[in-house]
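A.B. asks: The structure under discussion is supplied below as structure tokens; questions concerning it will follow.
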Amino acid sequence: MEYKNIIVTGGAGFIGSNFVHYVAKNHPEVNIMVLDKLTYAGNKENLAGLNPEKVKLVVGDICDAELVDELVSKTDAVIHYAAESHNDNSLKDPSPFIETNIIGTYTLLEACRKHNVRFHHVSTDEVYGDLPLREDLPGHGEGEGEKFTPESRYNPSSPYSSSKASSDLLVKAWVRSFNVQATISNCSNNYGPYQYIEKFIPRQITNVLCGIKPKLYGTGQNVRDWIHTEDHSSAVWTILTKGKIGETYLIGADGEQNNKDVLEMILEAMGQPKDAYDVVKDRPGHDLRYAIDSTKLREELGWKPQFTNFKEGLEDTINWYRDNRSWWEKDKEAVENNYAKNGQ
Ligand code: NAD
Ligand code: TDX
């Protein structure tokens with residue numbers, strides 16, 4: 001099913017804005033309303049160059065029930081990206097995570113229920129907790145090891161991931177009890193241009209560009225399953241238009257890498273010695289390994305990722321940060337001061 005008028009919450013953030021550009025480019029007939037509070041992570045510039053007749057920005061809070069009700073009453077579908085999204089911030093102050101990720105999702109669900117509007121909930125693989133490292137498995141890393149599937153048990157580790165897990169459970173309950181027309185996707189770690197510089201990859205790239213040594217948490221053996229943000233966008237569009245109501249789809253592109261290897265790739269691509277980084281304090285409760293089995297999405301809905309060469313995608317991302325200094329430079333000092341207070 002195609003939708004003519006959609007709301008994209010969090011559409012001025014990293015992944016939400018990529019989705020807005022993706023839809024504007026590939027489905028130019030769709031009218032897009034972005035609902036975004038423009039927190040530190042939201043940026044109007046992420047929506048530059050779009051047709052103002054087709055893409056409108058409403059600056060507002062997804063917890064504002066009156067505003068949400070009014071906007072949802074005039075739309076066909078809500079694609080819900082808005083969230084507090086950074087684990088390290090959630091360890092310092094969980095309160096905005098509870099507010100936006102749980103109350104905000106509840107507010108949107110209530111409006112979609114009242115106006116019978118299609119809802120797609122964008123979530124994370126972190127709701128499933130972590131997996132053992134392959135090298136810790138019996139047989140010392142033979143084979144692929146376990147991956148997350150839609151049947152994996154919810155077992156979140158941080159205030160961020162537990163607030164996202166809570167929001168997933170609200171969606172499931174609203175589907176079952178109130179017949180809300182919703183789907184859920186749980187995606188692995190995204191990378192690409194426009195990612196806020198608190199996150200691992202852009203933090204290290206911009207550190208090198210500023211002459212600061214990159215910072216690796218702990219041993220760097222923790223594994224993340226990287227996917228290019230544009231592949232995430234194509235997957236969400238596929239689920240929105242072809243997914244089965246009430247179902248959960250896992251999004252991943254077989255991009256497992258440990259943090260140390262990713263950091264060494266960044267250093268090498270930027271002409272630095274491979275060991276030119278600092279080891280800093282580890283994240284409390286640091287999840288060991290994420291890995292996604294996306295068979296259901298690929299086989300049932302026919303989706304497949306396009307950006308399968310991580311090294312190339314990383315080099316393009318490095319070039320983007322090099323060429324767009326004015327987009328990130330103004331925030332760099334404050335972000336690093338904040339980390340430094342924490343020994344990171
Ligand atoms: P981000 O932090 O870059 O952007 C979040 C956006 O939400 C910002 O534009 C912000 O202004 C907006 N926002 C925050 N609180 C709001 C509120 N109360 N009302 C309205 N808008 C609000 O995040 P991101 O990395 O782009 O993540 C987007 C979504 O994707 C999140 O739901 C996140 O959990 C999910 N996700 C992210 C990743 C990843 O690797 N970054 C992976 C899987 C899933
Ligand atoms: O400076 C750093 N050094 C470092 O070693 C930072 C910021 C991170 N790390 C490590 C921690 C993680 O193992 O790198 C890995 C990635 O860290 P983040 O970019 O903070 O991502 P992560 O915690 O894995 O969560 C991300 O993916 C899932 C997103 O931020 C979430 O929004 C998403 O749900």
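Residue numbers start at 1 in each chain; chains themselves are named A, B, ... in the order of the structure tokens; ligands are numbered from 1 in the order shown.
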Tell me, as a list of chain:residue names, which residues lie within 6 Å of Met33 in chain A, counting only C-alpha atoms; anything in the same chain fewer than 4 positions away does not count.
C.D. replies: A:Ile7, A:Val55, A:Lys56, A:Leu57
A.B. asks: Can those selected residues be exported to a file as an mmCIF file, in the first residue's frame so that it contains all heavy atoms?
C.D. replies:
```cif
data_model
loop_
_atom_site.group_PDB
_atom_site.id
_atom_site.type_symbol
_atom_site.label_atom_id
_atom_site.label_comp_id
_atom_site.auth_asym_id
_atom_site.auth_seq_id
_atom_site.Cartn_x
_atom_site.Cartn_y
_atom_site.Cartn_z
ATOM 1 N N ILE A 7 3.678 11.543 7.997
ATOM 2 C CA ILE A 7 4.414 12.306 9.011
ATOM 3 C C ILE A 7 5.685 11.519 9.327
ATOM 4 O O ILE A 7 5.620 10.302 9.541
ATOM 5 C CB ILE A 7 3.580 12.465 10.303
ATOM 6 C CG1 ILE A 7 2.365 13.356 10.055
ATOM 7 C CG2 ILE A 7 4.435 13.027 11.443
ATOM 8 C CD1 ILE A 7 1.420 13.464 11.242
ATOM 9 N N VAL A 55 7.703 18.991 1.262
ATOM 10 C CA VAL A 55 8.248 18.653 2.583
ATOM 11 C C VAL A 55 8.094 19.852 3.505
ATOM 12 O O VAL A 55 8.631 20.929 3.236
ATOM 13 C CB VAL A 55 9.742 18.269 2.490
ATOM 14 C CG1 VAL A 55 10.272 17.858 3.862
ATOM 15 C CG2 VAL A 55 9.973 17.158 1.475
ATOM 16 N N LYS A 56 7.338 19.661 4.604
ATOM 17 C CA LYS A 56 7.140 20.769 5.557
ATOM 18 C C LYS A 56 7.664 20.341 6.920
ATOM 19 O O LYS A 56 7.524 19.181 7.313
ATOM 20 C CB LYS A 56 5.660 21.105 5.679
ATOM 21 C CG LYS A 56 4.972 21.353 4.348
ATOM 22 C CD LYS A 56 4.087 22.583 4.416
ATOM 23 C CE LYS A 56 3.294 22.833 3.158
ATOM 24 N NZ LYS A 56 4.017 23.147 1.951
ATOM 25 N N LEU A 57 8.260 21.301 7.633
ATOM 26 C CA LEU A 57 8.774 21.017 8.979
ATOM 27 C C LEU A 57 7.881 21.667 10.024
ATOM 28 O O LEU A 57 7.627 22.876 9.969
ATOM 29 C CB LEU A 57 10.209 21.559 9.114
ATOM 30 C CG LEU A 57 10.800 21.571 10.531
ATOM 31 C CD1 LEU A 57 11.000 20.144 11.071
ATOM 32 C CD2 LEU A 57 12.150 22.312 10.555
#
```
A.B. asks: Please find the residues contacting ligand 1 at a distance of at most 7 Å between atoms, with only C-alpha atoms and all ligand atoms counted, and report them as a ChimeraX atom specification.
C.D. replies: /A:9-16,35-43,60-63,80-86,100,104,122-125,164,186-191,195-196
A.B. asks: Those same residues, written as a PDB file, in the first residue's frame with C-alpha atoms?
C.D. replies:
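Final output, saved to out10.pdb:
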```pdb
ATOM      1  CA  THR A   9       8.842  12.170  13.431  1.00  0.00           C
ATOM      2  CA  GLY A  10      12.489  12.964  14.122  1.00  0.00           C
ATOM      3  CA  GLY A  11      12.863  13.789  10.424  1.00  0.00           C
ATOM      4  CA  ALA A  12      15.527  16.429  11.124  1.00  0.00           C
ATOM      5  CA  GLY A  13      17.848  13.893  12.791  1.00  0.00           C
ATOM      6  CA  PHE A  14      20.459  11.619  11.218  1.00  0.00           C
ATOM      7  CA  ILE A  15      18.370   8.648  10.051  1.00  0.00           C
ATOM      8  CA  GLY A  16      14.984  10.398   9.836  1.00  0.00           C
ATOM      9  CA  LEU A  35       7.570  16.649  13.214  1.00  0.00           C
ATOM     10  CA  ASP A  36      10.788  17.391  15.094  1.00  0.00           C
ATOM     11  CA  LYS A  37      11.606  19.161  18.359  1.00  0.00           C
ATOM     12  CA  LEU A  38      15.045  20.162  17.044  1.00  0.00           C
ATOM     13  CA  THR A  39      16.937  18.961  20.110  1.00  0.00           C
ATOM     14  CA  TYR A  40      20.754  19.156  20.017  1.00  0.00           C
ATOM     15  CA  ALA A  41      20.594  16.228  17.544  1.00  0.00           C
ATOM     16  CA  GLY A  42      18.046  17.791  15.182  1.00  0.00           C
ATOM     17  CA  ASN A  43      19.169  20.206  12.496  1.00  0.00           C
ATOM     18  CA  GLY A  60       7.214  20.459  18.016  1.00  0.00           C
ATOM     19  CA  ASP A  61       7.336  17.722  20.631  1.00  0.00           C
ATOM     20  CA  ILE A  62       5.909  14.219  20.084  1.00  0.00           C
ATOM     21  CA  CYS A  63       4.803  14.342  23.752  1.00  0.00           C
ATOM     22  CA  HIS A  80       8.298   7.255  13.938  1.00  0.00           C
ATOM     23  CA  TYR A  81      12.022   8.023  14.190  1.00  0.00           C
ATOM     24  CA  ALA A  82      12.045  10.690  16.937  1.00  0.00           C
ATOM     25  CA  ALA A  83      14.013   9.561  19.967  1.00  0.00           C
ATOM     26  CA  GLU A  84      16.783  10.343  22.359  1.00  0.00           C
ATOM     27  CA  SER A  85      19.300   8.049  20.708  1.00  0.00           C
ATOM     28  CA  HIS A  86      22.670   8.066  22.491  1.00  0.00           C
ATOM     29  CA  THR A 100      10.532  11.087  24.514  1.00  0.00           C
ATOM     30  CA  GLY A 104       6.256  10.235  23.064  1.00  0.00           C
ATOM     31  CA  VAL A 122      11.620   2.566  14.058  1.00  0.00           C
ATOM     32  CA  SER A 123      13.550   0.704  16.720  1.00  0.00           C
ATOM     33  CA  THR A 124      16.928  -0.816  17.426  1.00  0.00           C
ATOM     34  CA  ASP A 125      18.541  -4.247  17.768  1.00  0.00           C
ATOM     35  CA  LYS A 164      13.245   1.670  23.149  1.00  0.00           C
ATOM     36  CA  ASN A 186      14.734  -3.193  14.698  1.00  0.00           C
ATOM     37  CA  CYS A 187      17.870  -2.065  12.899  1.00  0.00           C
ATOM     38  CA  SER A 188      21.573  -2.432  13.626  1.00  0.00           C
ATOM     39  CA  ASN A 189      24.150   0.411  13.880  1.00  0.00           C
ATOM     40  CA  ASN A 190      23.836   3.017  11.129  1.00  0.00           C
ATOM     41  CA  TYR A 191      26.665   5.006   9.562  1.00  0.00           C
ATOM     42  CA  GLN A 195      25.372  11.515  11.888  1.00  0.00           C
ATOM     43  CA  TYR A 196      25.739  13.609  15.028  1.00  0.00           C
TER      44      TYR A 196
END
```
A.B. asks: Where in range 117-317 of chain A does DSSP assign helix (DSSP H, G or I), given as a ChimeraX atom specification?
C.D. replies: /A:125-128,134-136,159-178,200-210,229-242,259-269,295-301,310-317
A.B. asks: Find the residues near range 203-219 of chain A: any atom within 6 Å, counting only C-alpha atoms, skip ones fewer than 3 places away on the same chain, and give them as an NGL selection string.
C.D. replies: :A and (197-200 or 277-282)
A.B. asks: Can you write just those residues out, N, CA, C and O atoms, as a tab-separated table (two decimals), in the first residue's frame?
C.D. replies:
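See result.tsv below for the written result:
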```tsv
chain	number	residue	atom	x	y	z
A	197	ILE	N	27.97	14.09	15.88
A	197	ILE	CA	29.37	13.76	16.16
A	197	ILE	C	29.64	13.17	17.54
A	197	ILE	O	30.79	12.91	17.89
A	198	GLU	N	28.58	12.92	18.32
A	198	GLU	CA	28.78	12.18	19.58
A	198	GLU	C	28.97	10.68	19.30
A	198	GLU	O	29.53	9.98	20.12
A	199	LYS	N	28.47	10.19	18.14
A	199	LYS	CA	28.48	8.76	17.86
A	199	LYS	C	29.87	8.31	17.41
A	199	LYS	O	30.68	9.11	16.94
A	200	PHE	N	30.14	7.00	17.54
A	200	PHE	CA	31.49	6.45	17.38
A	200	PHE	C	32.21	6.89	16.09
A	200	PHE	O	33.29	7.50	16.15
A	277	TYR	N	45.68	6.30	18.58
A	277	TYR	CA	44.44	6.56	19.33
A	277	TYR	C	44.67	6.34	20.82
A	277	TYR	O	45.64	5.70	21.22
A	278	ASP	N	43.73	6.88	21.65
A	278	ASP	CA	43.79	6.66	23.10
A	278	ASP	C	42.76	5.62	23.50
A	278	ASP	O	41.63	5.61	22.98
A	279	VAL	N	43.16	4.75	24.43
A	279	VAL	CA	42.18	3.84	25.04
A	279	VAL	C	41.62	4.58	26.25
A	279	VAL	O	42.37	5.08	27.10
A	280	VAL	N	40.30	4.71	26.31
A	280	VAL	CA	39.67	5.46	27.41
A	280	VAL	C	38.73	4.54	28.19
A	280	VAL	O	38.57	3.36	27.85
A	281	LYS	N	38.15	5.14	29.23
A	281	LYS	CA	37.27	4.39	30.14
A	281	LYS	C	36.16	3.67	29.36
A	281	LYS	O	35.55	4.26	28.47
A	282	ASP	N	35.90	2.43	29.72
A	282	ASP	CA	34.86	1.68	29.03
A	282	ASP	C	33.47	2.18	29.44
A	282	ASP	O	33.31	2.79	30.51
```
A.B. asks: Which of range 82-306 of chain A end up as strand (DSSP E) when DSSP is run on this backbone - answer as number ranges by chain?
C.D. replies: A: 118-124, 182-187, 190-191, 215-217, 223-225, 227-228, 248-251, 256-258, 278-280
A.B. asks: Just to be explicit: take each residue in the selection above, keep N, CA, C and O atoms, and write the result as a short mmCIF file (atom, residue, chain, number, x, y, z; two decimals), in the first residue's frame.
C.D. replies:
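Generated file (out06.cif):
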```cif
data_model
loop_
_atom_site.label_atom_id
_atom_site.label_comp_id
_atom_site.auth_asym_id
_atom_site.auth_seq_id
_atom_site.Cartn_x
_atom_site.Cartn_y
_atom_site.Cartn_z
N ARG A 118 -2.04 4.47 9.91
CA ARG A 118 -0.94 3.49 9.84
C ARG A 118 0.28 4.03 10.59
O ARG A 118 0.64 5.21 10.45
N PHE A 119 0.92 3.15 11.37
CA PHE A 119 2.07 3.56 12.20
C PHE A 119 3.24 2.63 11.93
O PHE A 119 3.08 1.41 11.96
N HIS A 120 4.41 3.20 11.64
CA HIS A 120 5.62 2.36 11.60
C HIS A 120 6.60 2.85 12.67
O HIS A 120 6.99 4.02 12.69
N HIS A 121 7.01 1.93 13.52
CA HIS A 121 7.88 2.24 14.64
C HIS A 121 9.32 1.83 14.33
O HIS A 121 9.60 0.65 14.08
N VAL A 122 10.21 2.82 14.36
CA VAL A 122 11.62 2.57 14.06
C VAL A 122 12.36 2.27 15.37
O VAL A 122 12.45 3.13 16.24
N SER A 123 12.86 1.06 15.48
CA SER A 123 13.55 0.70 16.72
C SER A 123 14.93 0.10 16.43
O SER A 123 15.42 0.16 15.30
N THR A 124 15.52 -0.42 17.47
CA THR A 124 16.93 -0.82 17.43
C THR A 124 17.12 -2.28 17.82
O THR A 124 16.31 -2.83 18.58
N ALA A 182 0.01 -1.21 12.87
CA ALA A 182 1.43 -0.87 13.07
C ALA A 182 2.37 -2.00 12.68
O ALA A 182 2.01 -3.18 12.71
N THR A 183 3.60 -1.61 12.33
CA THR A 183 4.71 -2.54 12.14
C THR A 183 5.90 -1.99 12.94
O THR A 183 5.92 -0.80 13.28
N ILE A 184 6.86 -2.86 13.20
CA ILE A 184 8.07 -2.46 13.94
C ILE A 184 9.29 -2.92 13.15
O ILE A 184 9.28 -4.01 12.56
N SER A 185 10.34 -2.07 13.14
CA SER A 185 11.62 -2.57 12.62
C SER A 185 12.70 -2.34 13.66
O SER A 185 12.72 -1.31 14.34
N ASN A 186 13.60 -3.31 13.78
CA ASN A 186 14.73 -3.19 14.70
C ASN A 186 16.00 -3.27 13.85
O ASN A 186 16.29 -4.30 13.25
N CYS A 187 16.72 -2.16 13.80
CA CYS A 187 17.87 -2.06 12.90
C CYS A 187 19.18 -2.06 13.69
O CYS A 187 19.21 -1.67 14.86
N ASN A 190 23.79 2.28 12.40
CA ASN A 190 23.84 3.02 11.13
C ASN A 190 25.10 3.86 11.03
O ASN A 190 25.59 4.38 12.04
N TYR A 191 25.60 4.03 9.80
CA TYR A 191 26.66 5.01 9.56
C TYR A 191 26.36 5.73 8.27
O TYR A 191 25.53 5.29 7.47
N LYS A 215 39.22 8.08 20.38
CA LYS A 215 39.05 7.47 21.71
C LYS A 215 38.32 6.14 21.59
O LYS A 215 37.17 6.08 21.15
N LEU A 216 39.02 5.08 22.01
CA LEU A 216 38.44 3.73 21.95
C LEU A 216 38.04 3.30 23.36
O LEU A 216 38.85 3.37 24.29
N TYR A 217 36.80 2.83 23.52
CA TYR A 217 36.35 2.36 24.83
C TYR A 217 36.90 0.96 25.10
O TYR A 217 36.66 0.04 24.30
N VAL A 223 31.59 -5.77 19.15
CA VAL A 223 31.22 -5.86 17.73
C VAL A 223 29.89 -5.15 17.46
O VAL A 223 28.93 -5.33 18.21
N ARG A 224 29.87 -4.35 16.40
CA ARG A 224 28.64 -3.72 15.93
C ARG A 224 28.40 -4.18 14.49
O ARG A 224 29.36 -4.42 13.75
N ASP A 225 27.12 -4.25 14.10
CA ASP A 225 26.74 -4.77 12.78
C ASP A 225 26.35 -3.56 11.92
O ASP A 225 25.20 -3.13 11.94
N ILE A 227 25.38 -0.82 9.10
CA ILE A 227 24.55 -0.70 7.89
C ILE A 227 24.55 0.76 7.47
O ILE A 227 24.50 1.67 8.32
N HIS A 228 24.62 0.99 6.16
CA HIS A 228 24.55 2.38 5.67
C HIS A 228 23.13 2.90 5.87
O HIS A 228 22.15 2.19 5.62
N THR A 248 7.15 -7.76 13.19
CA THR A 248 8.45 -7.14 13.45
C THR A 248 9.44 -7.62 12.39
O THR A 248 9.50 -8.81 12.10
N TYR A 249 10.20 -6.67 11.82
CA TYR A 249 11.22 -7.01 10.82
C TYR A 249 12.57 -6.52 11.34
O TYR A 249 12.69 -5.38 11.79
N LEU A 250 13.58 -7.37 11.23
CA LEU A 250 14.94 -6.97 11.61
C LEU A 250 15.69 -6.49 10.38
O LEU A 250 15.66 -7.17 9.33
N ILE A 251 16.37 -5.34 10.52
CA ILE A 251 17.10 -4.75 9.38
C ILE A 251 18.60 -4.82 9.66
O ILE A 251 19.07 -4.27 10.67
N GLU A 256 29.19 -6.97 10.34
CA GLU A 256 29.85 -7.07 11.66
C GLU A 256 31.33 -6.66 11.60
O GLU A 256 32.07 -7.13 10.73
N GLN A 257 31.71 -5.79 12.55
CA GLN A 257 33.12 -5.35 12.68
C GLN A 257 33.36 -5.04 14.14
O GLN A 257 32.47 -4.48 14.79
N ASN A 258 34.55 -5.32 14.67
CA ASN A 258 34.79 -4.85 16.03
C ASN A 258 35.29 -3.39 15.98
O ASN A 258 35.76 -2.90 14.95
N ASP A 278 43.73 6.88 21.65
CA ASP A 278 43.79 6.66 23.10
C ASP A 278 42.76 5.62 23.50
O ASP A 278 41.63 5.61 22.98
N VAL A 279 43.16 4.75 24.43
CA VAL A 279 42.18 3.84 25.04
C VAL A 279 41.62 4.58 26.25
O VAL A 279 42.37 5.08 27.10
N VAL A 280 40.30 4.71 26.31
CA VAL A 280 39.67 5.46 27.41
C VAL A 280 38.73 4.54 28.19
O VAL A 280 38.57 3.36 27.85
#
```
A.B. asks: Smallest atom-to-atom distance to Glu315 in chain A: which of A:Ala77, A:Ile201, A:Val58, A:Val68, using only C-alpha atoms?
C.D. replies: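 Closest to Glu315 in chain A, using only C-alpha atoms: A:Ile201.
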